[in-house]
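Just target_31.txt here, compact mmCIF, C-alpha atoms:
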```
# COMPACT_ATOMS: atom_id res chain seq x y z
CA MET D 1 0.00 0.00 0.00
CA ALA D 2 1.53 3.31 -1.02
CA TRP D 3 2.28 5.98 1.51
CA ARG D 4 -0.27 8.30 -0.12
CA ARG D 5 -3.05 6.15 1.30
CA TRP D 6 -2.26 7.41 4.77
CA LYS D 7 -4.82 10.18 5.33
CA SER D 8 -4.93 12.77 8.08
CA LYS D 9 -7.34 15.54 8.97
CA PRO D 10 -6.51 18.41 11.34
CA ARG D 11 -8.78 18.22 14.37
CA THR D 12 -8.67 18.73 18.10
CA THR D 13 -10.18 15.36 18.98
CA THR D 14 -9.64 11.88 17.65
CA ALA D 15 -12.11 11.12 14.86
CA PRO D 16 -13.89 7.76 14.65
CA LEU D 17 -12.10 5.10 12.67
CA LYS D 18 -13.36 4.67 9.13
CA GLU D 19 -12.93 1.42 7.27
CA THR D 20 -12.19 1.02 3.59
CA ARG D 21 -11.44 -2.00 1.40
CA VAL D 22 -8.09 -2.35 -0.41
CA GLY D 23 -7.92 -5.61 -2.33
CA LYS D 24 -8.97 -8.36 0.06
CA THR D 25 -7.76 -6.66 3.23
CA ALA D 26 -9.72 -4.21 5.36
CA ARG D 27 -7.81 -0.96 5.85
CA LEU D 28 -8.16 1.78 8.42
CA TYR D 29 -7.55 5.35 7.34
CA TRP D 30 -4.55 6.90 9.04
CA ARG D 31 -5.79 8.49 12.27
CA LEU D 32 -3.93 11.49 13.59
CA SER D 33 -4.67 14.09 16.23
CA SER D 34 -4.16 17.77 15.51
CA GLY D 35 -0.54 17.32 16.62
CA GLU D 36 -0.09 14.37 14.26
CA ILE D 37 0.34 11.94 17.14
CA VAL D 38 0.56 8.38 15.84
CA ARG D 39 -0.41 5.23 17.74
CA LEU D 40 2.42 2.77 17.10
CA VAL D 41 3.68 -0.71 17.82
CA PHE D 42 7.47 -0.76 18.26
CA LEU D 43 9.59 -3.82 17.47
CA GLY D 44 13.23 -3.82 18.54
CA SER D 45 15.68 -5.53 20.86
CA PRO D 46 19.32 -4.35 21.15
CA ALA D 47 20.88 -0.98 21.98
CA PHE D 48 20.64 0.10 18.33
CA ALA D 49 16.84 0.29 18.68
CA LEU D 50 16.77 2.46 21.82
CA PRO D 51 17.31 5.89 20.21
CA SER D 52 14.40 5.25 17.84
CA LEU D 53 12.07 4.31 20.69
CA GLU D 54 13.21 7.30 22.74
CA ALA D 55 12.79 9.65 19.78
CA LEU D 56 9.23 8.45 19.13
CA ARG D 57 8.29 9.07 22.76
CA SER D 58 9.99 12.47 22.77
CA ALA D 59 8.04 13.43 19.64
CA GLY D 60 4.82 12.61 21.50
CA HIS D 61 3.82 9.50 19.60
CA GLU D 62 1.78 6.92 21.46
CA ILE D 63 3.52 3.57 21.96
CA ALA D 64 0.71 1.04 22.17
CA LEU D 65 3.05 -1.93 22.57
CA VAL D 66 6.76 -2.72 22.61
CA ILE D 67 7.71 -6.12 21.18
CA THR D 68 11.18 -7.44 21.90
CA GLN D 69 13.11 -10.69 22.22
CA PRO D 70 12.96 -12.84 25.40
CA ASP D 71 15.62 -12.64 28.09
CA ARG D 72 18.84 -14.46 27.17
CA PRO D 73 21.72 -15.79 29.30
CA ALA D 74 24.56 -13.27 29.42
CA GLY D 75 27.79 -12.55 31.29
CA ARG D 76 30.08 -14.87 33.16
CA GLY D 77 27.25 -16.30 35.25
CA GLN D 78 24.96 -16.70 32.22
CA LYS D 79 22.19 -14.95 34.15
CA PRO D 80 19.00 -14.34 32.14
CA THR D 81 19.26 -10.74 30.94
CA PRO D 82 16.56 -8.71 29.17
CA PRO D 83 17.30 -6.95 25.86
CA GLN D 84 18.04 -3.25 26.25
CA VAL D 85 14.66 -2.36 24.76
CA ALA D 86 12.84 -4.58 27.26
CA ALA D 87 14.68 -2.95 30.16
CA TYR D 88 13.77 0.49 28.82
CA ALA D 89 10.12 -0.45 28.37
CA LYS D 90 9.88 -1.71 31.95
CA GLN D 91 11.61 1.40 33.28
CA HIS D 92 9.12 3.66 31.48
CA ALA D 93 6.03 1.54 32.15
CA LEU D 94 5.42 0.73 28.49
CA THR D 95 3.30 -2.29 27.63
CA LEU D 96 5.79 -5.04 26.77
CA TRP D 97 5.58 -8.34 24.92
CA GLN D 98 8.72 -10.48 24.83
CA THR D 99 8.58 -13.10 22.11
CA SER D 100 10.96 -14.70 19.63
CA ALA D 101 8.38 -14.90 16.83
CA LEU D 102 5.15 -13.29 15.60
CA LYS D 103 3.79 -16.42 13.95
CA GLY D 104 0.30 -17.78 14.31
CA PRO D 105 -3.24 -16.38 14.55
CA GLU D 106 -2.80 -15.51 18.23
CA ALA D 107 -0.06 -13.00 17.44
CA GLU D 108 -2.12 -11.42 14.68
CA ALA D 109 -5.19 -11.19 16.89
CA ARG D 110 -3.21 -9.58 19.70
CA LEU D 111 -1.81 -6.93 17.39
CA ARG D 112 -5.11 -6.30 15.63
CA LYS D 113 -6.82 -5.51 18.96
CA LEU D 114 -4.44 -2.61 19.54
CA ASP D 115 -5.95 -0.52 16.71
CA ALA D 116 -2.45 0.77 16.01
CA GLU D 117 -1.99 3.10 13.06
CA GLY D 118 1.50 1.93 12.19
CA MET D 119 4.42 -0.20 13.28
CA VAL D 120 8.11 0.59 13.54
CA LEU D 121 10.96 -1.92 13.48
CA ALA D 122 14.59 -1.37 14.47
CA ALA D 123 16.76 -4.48 14.85
CA PHE D 124 14.01 -6.80 16.08
CA ALA D 125 16.19 -9.87 15.30
CA ALA D 126 13.35 -11.99 13.90
CA LEU D 127 11.47 -12.25 10.62
CA VAL D 128 8.03 -10.63 10.44
CA PRO D 129 5.38 -12.90 8.88
CA GLU D 130 3.60 -11.65 5.77
CA ASN D 131 0.22 -11.48 7.51
CA ILE D 132 1.67 -8.92 9.95
CA LEU D 133 3.23 -6.68 7.28
CA GLU D 134 -0.06 -5.07 6.24
CA LEU D 135 -1.86 -5.34 9.56
CA THR D 136 -1.88 -1.59 10.17
CA PRO D 137 -2.72 1.13 7.60
CA GLY D 138 0.78 2.56 7.92
CA GLY D 139 2.45 -0.80 7.42
CA ILE D 140 5.84 -1.28 9.08
CA LEU D 141 8.65 1.25 8.84
CA ASN D 142 12.11 -0.27 9.17
CA VAL D 143 15.22 1.60 10.39
CA HIS D 144 18.01 -0.07 8.40
CA PRO D 145 21.66 0.95 8.98
CA SER D 146 22.95 1.00 5.41
CA LEU D 147 22.51 2.87 2.15
CA LEU D 148 20.13 0.41 0.55
CA PRO D 149 20.26 -1.47 -1.75
CA ARG D 150 23.85 -1.89 -0.52
CA TRP D 151 24.11 -4.29 2.42
CA ARG D 152 20.71 -5.82 2.80
CA GLY D 153 20.65 -8.45 5.51
CA ALA D 154 21.61 -9.16 9.10
CA ALA D 155 24.94 -7.35 9.57
CA PRO D 156 25.10 -4.21 7.40
CA ILE D 157 27.38 -2.22 9.72
CA GLN D 158 29.99 -4.96 9.91
CA SER D 159 29.73 -5.64 6.18
CA ALA D 160 30.42 -2.00 5.32
CA LEU D 161 33.53 -2.03 7.51
CA LEU D 162 34.73 -5.37 6.16
CA ALA D 163 34.43 -4.10 2.61
CA GLY D 164 36.38 -0.95 3.43
CA ASP D 165 33.45 1.30 2.46
CA LEU D 166 34.15 5.00 2.87
CA GLU D 167 30.55 5.85 3.70
CA THR D 168 27.41 4.24 5.01
CA GLY D 169 24.13 5.57 6.34
CA VAL D 170 20.55 4.81 7.31
CA SER D 171 17.53 4.02 5.16
CA ILE D 172 13.94 4.25 6.38
CA ILE D 173 12.04 1.70 4.31
CA ARG D 174 8.60 0.16 4.16
CA LEU D 175 8.99 -3.47 5.21
CA VAL D 176 8.05 -6.06 2.59
CA SER D 177 8.38 -9.84 2.45
CA ALA D 178 11.62 -9.71 0.41
CA LEU D 179 14.71 -9.12 2.53
CA ASP D 180 15.25 -5.36 3.05
CA ALA D 181 13.88 -4.71 -0.44
CA GLY D 182 11.05 -2.35 0.44
CA PRO D 183 10.64 1.16 -0.94
CA VAL D 184 12.81 3.88 0.60
CA LEU D 185 11.18 6.85 2.32
CA LEU D 186 14.27 8.63 3.59
CA GLN D 187 18.01 8.01 3.38
CA GLU D 188 21.04 9.85 4.71
CA SER D 189 24.75 9.04 4.52
CA THR D 190 27.65 9.45 6.92
CA VAL D 191 31.39 9.12 6.42
CA ILE D 192 33.24 6.07 7.73
CA ALA D 193 36.46 7.48 9.14
CA PRO D 194 39.65 5.38 9.40
CA GLU D 195 39.30 5.38 13.18
CA ASP D 196 35.71 4.12 13.06
CA ASP D 197 34.80 0.59 14.07
CA ALA D 198 31.55 -1.20 14.85
CA VAL D 199 31.51 0.17 18.40
CA SER D 200 31.77 3.79 17.27
CA LEU D 201 29.67 3.50 14.13
CA GLU D 202 26.61 1.72 15.51
CA PRO D 203 25.48 4.42 17.99
CA ARG D 204 26.04 7.13 15.37
CA LEU D 205 23.83 5.29 12.91
CA ALA D 206 21.27 4.57 15.62
CA ALA D 207 20.99 8.30 16.38
CA LEU D 208 20.74 9.13 12.67
CA GLY D 209 18.06 6.48 12.22
CA ALA D 210 16.02 7.86 15.12
CA ARG D 211 16.06 11.34 13.61
CA LEU D 212 15.06 10.08 10.15
CA LEU D 213 12.28 7.93 11.61
CA VAL D 214 10.61 10.90 13.30
CA ARG D 215 10.97 12.88 10.06
CA ALA D 216 9.32 10.08 8.10
CA LEU D 217 6.31 10.06 10.41
CA THR D 218 6.03 13.85 10.26
CA GLU D 219 6.69 14.47 6.55
CA ARG D 220 5.29 11.20 5.14
CA PRO D 221 7.49 11.32 2.00
CA GLU D 222 6.57 9.37 -1.11
CA PRO D 223 8.36 5.99 -1.12
CA ARG D 224 10.70 5.27 -4.02
CA PRO D 225 11.49 1.72 -5.16
CA GLN D 226 14.96 0.35 -4.57
CA ALA D 227 17.13 -0.41 -7.58
CA GLU D 228 18.00 -4.09 -7.77
CA THR D 229 21.22 -3.31 -9.61
CA GLY D 230 24.00 -2.85 -7.08
CA ALA D 231 22.21 -4.74 -4.33
CA THR D 232 24.61 -6.50 -1.97
CA TYR D 233 23.88 -8.80 0.96
CA SER D 234 25.38 -9.31 4.39
CA ARG D 235 25.12 -12.59 6.20
CA ARG D 236 24.75 -13.33 9.89
CA ILE D 237 28.04 -13.15 11.80
CA GLU D 238 29.53 -16.28 13.34
CA ARG D 239 32.27 -16.31 15.97
CA ASN D 240 34.74 -18.01 13.67
CA ASP D 241 34.41 -15.14 11.18
CA ALA D 242 36.61 -13.15 13.57
CA ARG D 243 39.52 -15.61 13.43
CA ILE D 244 42.47 -13.83 11.78
CA ASP D 245 44.19 -15.39 8.79
CA TRP D 246 47.57 -13.67 8.73
CA SER D 247 48.14 -14.62 5.08
CA ARG D 248 45.56 -12.02 4.07
CA PRO D 249 46.59 -8.40 3.35
CA SER D 250 47.06 -6.09 6.31
CA VAL D 251 44.24 -3.77 5.16
CA ALA D 252 41.77 -6.67 5.03
CA ILE D 253 42.75 -7.77 8.55
CA TRP D 254 42.48 -4.18 9.79
CA ASN D 255 38.94 -4.03 8.39
CA GLN D 256 38.18 -7.31 10.13
CA VAL D 257 39.38 -5.88 13.45
CA ARG D 258 37.19 -2.80 12.97
CA ALA D 259 34.12 -4.75 11.87
CA TYR D 260 34.15 -7.23 14.75
CA ARG D 261 34.97 -4.80 17.55
CA GLY D 262 32.50 -5.41 20.37
CA TRP D 263 31.53 -8.89 19.15
CA PRO D 264 32.88 -11.38 18.30
CA GLN D 265 36.25 -9.53 18.44
CA ALA D 266 38.98 -10.36 15.95
CA PHE D 267 41.24 -12.99 17.50
CA THR D 268 44.36 -15.03 16.99
CA ALA D 269 46.52 -17.19 19.24
CA PHE D 270 49.68 -16.46 21.20
CA ASP D 271 51.42 -19.32 23.04
CA GLY D 272 48.28 -21.41 22.54
CA ARG D 273 46.08 -18.81 24.26
CA LEU D 274 43.38 -16.70 22.68
CA LEU D 275 44.55 -13.17 21.93
CA LYS D 276 41.95 -10.59 20.89
CA ILE D 277 43.07 -7.78 18.63
CA LEU D 278 40.96 -4.80 19.70
CA ARG D 279 42.60 -2.00 17.75
CA ALA D 280 45.19 -2.08 15.00
CA ALA D 281 46.48 -0.19 11.98
CA PRO D 282 47.92 -1.33 8.63
CA LEU D 283 51.46 -0.32 7.73
CA ALA D 284 53.06 -0.38 4.32
CA SER D 285 56.05 -2.68 4.01
CA ALA D 286 58.15 0.30 2.95
CA SER D 287 57.62 1.89 6.38
CA LEU D 288 59.46 -0.98 8.08
CA PRO D 289 62.93 -2.44 7.77
CA GLY D 290 63.28 -4.62 4.68
CA GLU D 291 63.02 -8.01 6.41
CA THR D 292 60.80 -10.61 4.81
CA SER D 293 58.83 -12.43 7.49
CA ARG D 294 56.28 -15.22 7.38
CA PRO D 295 52.65 -14.21 7.95
CA GLY D 296 51.89 -14.03 11.67
CA ALA D 297 55.50 -13.30 12.68
CA VAL D 298 55.84 -10.51 15.25
CA GLU D 299 58.58 -7.91 15.18
CA VAL D 300 59.08 -4.71 17.14
CA HIS D 301 59.02 -1.39 15.34
CA GLY D 302 59.49 1.78 17.39
CA ALA D 303 58.65 -0.10 20.66
CA THR D 304 55.35 -1.29 19.15
CA PRO D 305 54.64 -4.88 18.06
CA VAL D 306 53.86 -5.31 14.39
CA VAL D 307 52.72 -8.49 12.65
CA ALA D 308 53.68 -9.62 9.16
CA THR D 309 50.73 -10.35 6.88
CA GLY D 310 50.30 -11.60 3.34
CA SER D 311 50.83 -8.02 2.19
CA GLY D 312 52.13 -5.33 4.53
CA TRP D 313 52.24 -5.23 8.32
CA LEU D 314 49.64 -4.77 11.04
CA ARG D 315 50.47 -2.66 14.07
CA LEU D 316 48.94 -3.96 17.31
CA ASP D 317 47.53 -0.91 19.10
CA GLU D 318 45.36 -2.69 21.68
CA VAL D 319 45.08 -6.38 22.56
CA GLN D 320 43.55 -8.58 25.23
CA LEU D 321 44.88 -11.96 26.27
CA ALA D 322 42.27 -14.45 27.50
CA GLY D 323 41.49 -13.80 31.15
CA LYS D 324 43.36 -10.48 31.20
CA ARG D 325 42.43 -6.84 30.85
CA PRO D 326 42.85 -4.94 27.56
CA GLN D 327 46.32 -3.46 27.09
CA THR D 328 48.09 -1.35 24.52
CA GLY D 329 50.45 -3.24 22.27
CA VAL D 330 53.40 -1.55 24.00
CA GLU D 331 52.14 -2.60 27.46
CA PHE D 332 51.52 -6.15 26.33
CA LEU D 333 55.00 -6.43 24.84
CA ARG D 334 56.48 -5.17 28.08
CA GLY D 335 54.64 -7.86 30.06
CA TYR D 336 55.25 -10.60 27.49
CA PRO D 337 58.65 -9.88 25.91
CA ARG D 338 58.61 -13.27 24.17
CA LEU D 339 55.97 -11.76 21.85
CA ASP D 340 58.92 -10.35 19.88
CA GLY D 341 59.78 -13.08 17.37
CA ALA D 342 56.67 -15.18 18.08
CA VAL D 343 54.40 -16.37 15.31
CA LEU D 344 50.69 -15.71 15.95
CA GLY D 345 47.90 -17.90 14.75
CA ALA D 346 48.36 -21.38 16.21
CA ALA D 347 45.08 -23.24 16.67
CA VAL D 348 42.86 -22.01 19.48
CA ALA D 349 39.39 -23.17 20.42
```
Could you write out this file's structure as structure tokens?
Amino acid sequence: MAWRRWKSKPRTTTAPLKETRVGKTARLYWRLSSGEIVRLVFLGSPAFALPSLEALRSAGHEIALVITQPDRPAGRGQKPTPPQVAAYAKQHALTLWQTSALKGPEAEARLRKLDAEGMVLAAFAALVPENILELTPGGILNVHPSLLPRWRGAAPIQSALLAGDLETGVSIIRLVSALDAGPVLLQESTVIAPEDDAVSLEPRLAALGARLLVRALTERPEPRPQAETGATYSRRIERNDARIDWSRPSVAIWNQVRAYRGWPQAFTAFDGRLLKILRAAPLASASLPGETSRPGAVEVHGATPVVATGSGWLRLDEVQLAGKRPQTGVEFLRGYPRLDGAVLGAAVA
């Protein structure tokens, strides 16, 4: 259903709902108060979704229901821990439904009873069934952290960093059954700086997405179809994706370190123990003495450990040995002088 079907009339009180028929599905005209307050269902789970939920509340929109994932074991004690959105909803006395899926007639009936005018999704971490997509007259708006059609899928932020993209952004789209292929309402880009990683980029994109989402609800721009040419896809991240292969070029490994900062953290092995590489930087071979070293071999350059790769060197700026606190590369070398001359990358579980 096109955005133009959302109708609003200035008024000081809420008008009765009027039904119309579009195809085989009953539609409700878009109901707004004089301040264009929208009654919404919000779907989201991790920290990325919080700014969008906060922005909707700050703009005065009515949150009829917050849907988020169930509590999951977390931390050393594996204590059941609620998603950040669930914790926020409880703190602000918002009606909360924690579920891992929206399948079945019960879910549809529960949502239909809310008489919501639209739904908003930001990193819900579950597929939305087709019968839910058109349940409200506004459909579902999705806050997607990429410049669609580039990086559709589960891990667009990490994929942009892995690919060495120089910019990314946020797209507000209308959710459809095809993966992240819905029409785009608003889109805005941001530069990916060399010092950016997943930890720094995600909150910036979350804030940008929150601002664009409120604009979309206020301005109701005409959706434009995505071009299928140039579409790229990101897959779900697995822990082993973060294992470093030192035979790859230093720039590719640097991008891997940046992409997996936070989780699962790029890692290698030192003396048979897991060593996380938290921050690093690629160096051209010409910037180092002319030795030829096997990939994974560590040398010291200006008091800082550097690792030979398939092409160039990688400077270790911050590392963390299993069971220890994070340290700069210089600090770690001081505590473990045998790092100089070691070869990283032996098998580690």
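In this structure, atom CA of Thr68 of chain D sits 19.0 Å away from atom CA of Pro203 of chain D.
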- Message: as a PyMOL selection string, please: the residues near Arg279 of chain D (cut-off 6 Å, all atoms listed in the file, same-chain neighbours under 2 positions excluded).
- Response: chain D and resi 277+317-318
- Counting only C-alpha atoms, the residue of D:Gly262, D:Pro105, D:Gly75, D:Gly335 that sits nearest Leu201 of chain D: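 Among D:Gly262, D:Pro105, D:Gly75, D:Gly335, it is D:Gly262 that comes nearest to Leu201 of chain D.
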Per residue of segment 168-198 of chain D within 9 Å of segment 255-260 of chain D, record the nearest atom pair and its distance in Å to one decimal, counting all atoms listed in the file, with rows in chain order and ascending residue number, as a Markdown table.
```
| residue | atom | partner | partner_atom | distance |
| --- | --- | --- | --- | --- |
| D:Glu195 | CA | D:Arg258 | CA | 8.5 |
| D:Asp196 | CA | D:Arg258 | CA | 7.1 |
| D:Asp197 | CA | D:Arg258 | CA | 4.3 |
| D:Ala198 | CA | D:Ala259 | CA | 5.3 |
```
File dump, residues just selected, C-alpha atoms, as a PDB file, in the frame of the given file:
```
ATOM      1  CA  GLU D 195      39.300   5.380  13.180  1.00  0.00           C
ATOM      2  CA  ASP D 196      35.710   4.120  13.060  1.00  0.00           C
ATOM      3  CA  ASP D 197      34.800   0.590  14.070  1.00  0.00           C
ATOM      4  CA  ALA D 198      31.550  -1.200  14.850  1.00  0.00           C
TER       5      ALA D 198
END
```
- Task: For segment 164-169 of chain D, please output as an NGL selection string all residues within 6 Å (counting only C-alpha atoms; exclusion window: fewer than 4 positions along the same chain).
- Result: :D and (145-147 or 160 or 188-192)
- Task: Go through D:Met119, D:Ala125, D:Leu275, D:Leu213 one by one, measure the shortest atom-to-atom distance of each to Gln69 of chain D using all atoms listed in the file, and give the residue with the smallest value.
- Result: D:Ala125
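Ranking D:Pro194, D:Pro249, D:Gly139, D:Pro225 by their shortest atom-to-atom distance to Leu121 of chain D, with only C-alpha atoms included, puts D:Gly139 first.
Between atom CA of Leu56 of chain D and atom CA of Val38 of chain D the separation is 9.3 Å.
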- Which one of D:Tyr88, D:Phe124, D:Phe270, D:Trp254 sits closest to Leu162 of chain D if you count all atoms listed in the file?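 Smallest distance to Leu162 of chain D is found for D:Trp254.
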- Message: Counting only C-alpha atoms, which residues have an atom no more than 10 Å from (11.5, 14.1, 9.6) in the file's coordinates? Please list them as a count of residues only.
- Response: 13
- Task: Mind giving me the straight-line distance from atom CA of Pro326 of chain D to atom CA of Gln265 of chain D in Å, one decimal?
- Result: 12.2 Å
- Task: Neighbourhood query: residues within 9 Å of (16.5, -5.7, 23.3), file coordinates, counting only C-alpha atoms; return as a PyMOL selection string.
- Result: chain D and resi 44-50+68-71+82-88+123-124
- Task: Write out as a list in words which residues come within 7 Å of Glu62 of chain D when counting only C-alpha atoms, dropping same-chain ones fewer than 6 positions away.
- Result: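 Final neighbour list, sorted by chain and number: Ile37, Val38, Arg39 and Leu40 of chain D.
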- Task: Using all atoms listed in the file, find the one residue out of D:Arg72, D:Lys113, D:Lys324, D:Arg239 that sits nearest to Phe267 of chain D.
- Result: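 Using all atoms listed in the file, Phe267 of chain D sits closest to D:Arg239.
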- Item | Which residue of D:Thr99, D:Thr81, D:Ser234, D:Asn131 approaches Ile157 of chain D most closely, using all atoms listed in the file | D:Ser234
- Message: I want to know what sits within 12 Å of segment 295-311 of chain D, based on only C-alpha atoms, with residues of the same chain fewer than 4 positions away left out; could you give that as number ranges by chain?
- Response: D: 244-254, 268-270, 277, 280-291, 315-319, 328-334, 336-346
Would you mind completing segment 177-193 of chain D so that it carries N, CA and C atoms, and writing it out as a PDB file, keeping the file's coordinate frame?
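Saved result, out.pdb, follows:
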```
ATOM      1  N   SER D 177       7.980  -8.462   2.195  1.00  0.00           N
ATOM      2  CA  SER D 177       8.380  -9.840   2.450  1.00  0.00           C
ATOM      3  C   SER D 177       9.794 -10.137   1.978  1.00  0.00           C
ATOM      4  N   ALA D 178      10.245  -9.516   0.885  1.00  0.00           N
ATOM      5  CA  ALA D 178      11.620  -9.710   0.410  1.00  0.00           C
ATOM      6  C   ALA D 178      12.591  -9.008   1.350  1.00  0.00           C
ATOM      7  N   LEU D 179      13.752  -9.599   1.544  1.00  0.00           N
ATOM      8  CA  LEU D 179      14.710  -9.120   2.530  1.00  0.00           C
ATOM      9  C   LEU D 179      15.181  -7.699   2.250  1.00  0.00           C
ATOM     10  N   ASP D 180      14.790  -6.760   3.110  1.00  0.00           N
ATOM     11  CA  ASP D 180      15.250  -5.360   3.050  1.00  0.00           C
ATOM     12  C   ASP D 180      15.108  -4.757   1.661  1.00  0.00           C
ATOM     13  N   ALA D 181      14.073  -5.153   0.943  1.00  0.00           N
ATOM     14  CA  ALA D 181      13.880  -4.710  -0.440  1.00  0.00           C
ATOM     15  C   ALA D 181      12.750  -3.715  -0.587  1.00  0.00           C
ATOM     16  N   GLY D 182      12.188  -3.252   0.512  1.00  0.00           N
ATOM     17  CA  GLY D 182      11.050  -2.350   0.440  1.00  0.00           C
ATOM     18  C   GLY D 182      11.406  -0.967  -0.055  1.00  0.00           C
ATOM     19  N   PRO D 183      10.400  -0.186  -0.437  1.00  0.00           N
ATOM     20  CA  PRO D 183      10.640   1.160  -0.940  1.00  0.00           C
ATOM     21  C   PRO D 183      11.253   2.063   0.145  1.00  0.00           C
ATOM     22  N   VAL D 184      12.073   2.999  -0.299  1.00  0.00           N
ATOM     23  CA  VAL D 184      12.810   3.880   0.600  1.00  0.00           C
ATOM     24  C   VAL D 184      12.053   5.190   0.781  1.00  0.00           C
ATOM     25  N   LEU D 185      11.839   5.578   2.032  1.00  0.00           N
ATOM     26  CA  LEU D 185      11.180   6.850   2.320  1.00  0.00           C
ATOM     27  C   LEU D 185      12.209   7.963   2.518  1.00  0.00           C
ATOM     28  N   LEU D 186      13.217   7.673   3.329  1.00  0.00           N
ATOM     29  CA  LEU D 186      14.270   8.630   3.590  1.00  0.00           C
ATOM     30  C   LEU D 186      15.604   7.894   3.665  1.00  0.00           C
ATOM     31  N   GLN D 187      16.675   8.603   3.326  1.00  0.00           N
ATOM     32  CA  GLN D 187      18.010   8.010   3.380  1.00  0.00           C
ATOM     33  C   GLN D 187      19.027   9.126   3.601  1.00  0.00           C
ATOM     34  N   GLU D 188      20.000   8.850   4.447  1.00  0.00           N
ATOM     35  CA  GLU D 188      21.040   9.850   4.710  1.00  0.00           C
ATOM     36  C   GLU D 188      22.368   9.123   4.954  1.00  0.00           C
ATOM     37  N   SER D 189      23.444   9.688   4.422  1.00  0.00           N
ATOM     38  CA  SER D 189      24.750   9.040   4.520  1.00  0.00           C
ATOM     39  C   SER D 189      25.609   9.672   5.598  1.00  0.00           C
ATOM     40  N   THR D 190      26.642   8.945   5.990  1.00  0.00           N
ATOM     41  CA  THR D 190      27.650   9.450   6.920  1.00  0.00           C
ATOM     42  C   THR D 190      28.991   8.836   6.538  1.00  0.00           C
ATOM     43  N   VAL D 191      30.052   9.570   6.788  1.00  0.00           N
ATOM     44  CA  VAL D 191      31.390   9.120   6.420  1.00  0.00           C
ATOM     45  C   VAL D 191      31.864   8.047   7.403  1.00  0.00           C
ATOM     46  N   ILE D 192      32.539   7.037   6.880  1.00  0.00           N
ATOM     47  CA  ILE D 192      33.240   6.070   7.730  1.00  0.00           C
ATOM     48  C   ILE D 192      34.694   6.506   7.804  1.00  0.00           C
ATOM     49  N   ALA D 193      35.098   7.001   8.951  1.00  0.00           N
ATOM     50  CA  ALA D 193      36.460   7.480   9.140  1.00  0.00           C
ATOM     51  C   ALA D 193      37.398   6.310   9.396  1.00  0.00           C
TER      52      ALA D 193
END
```
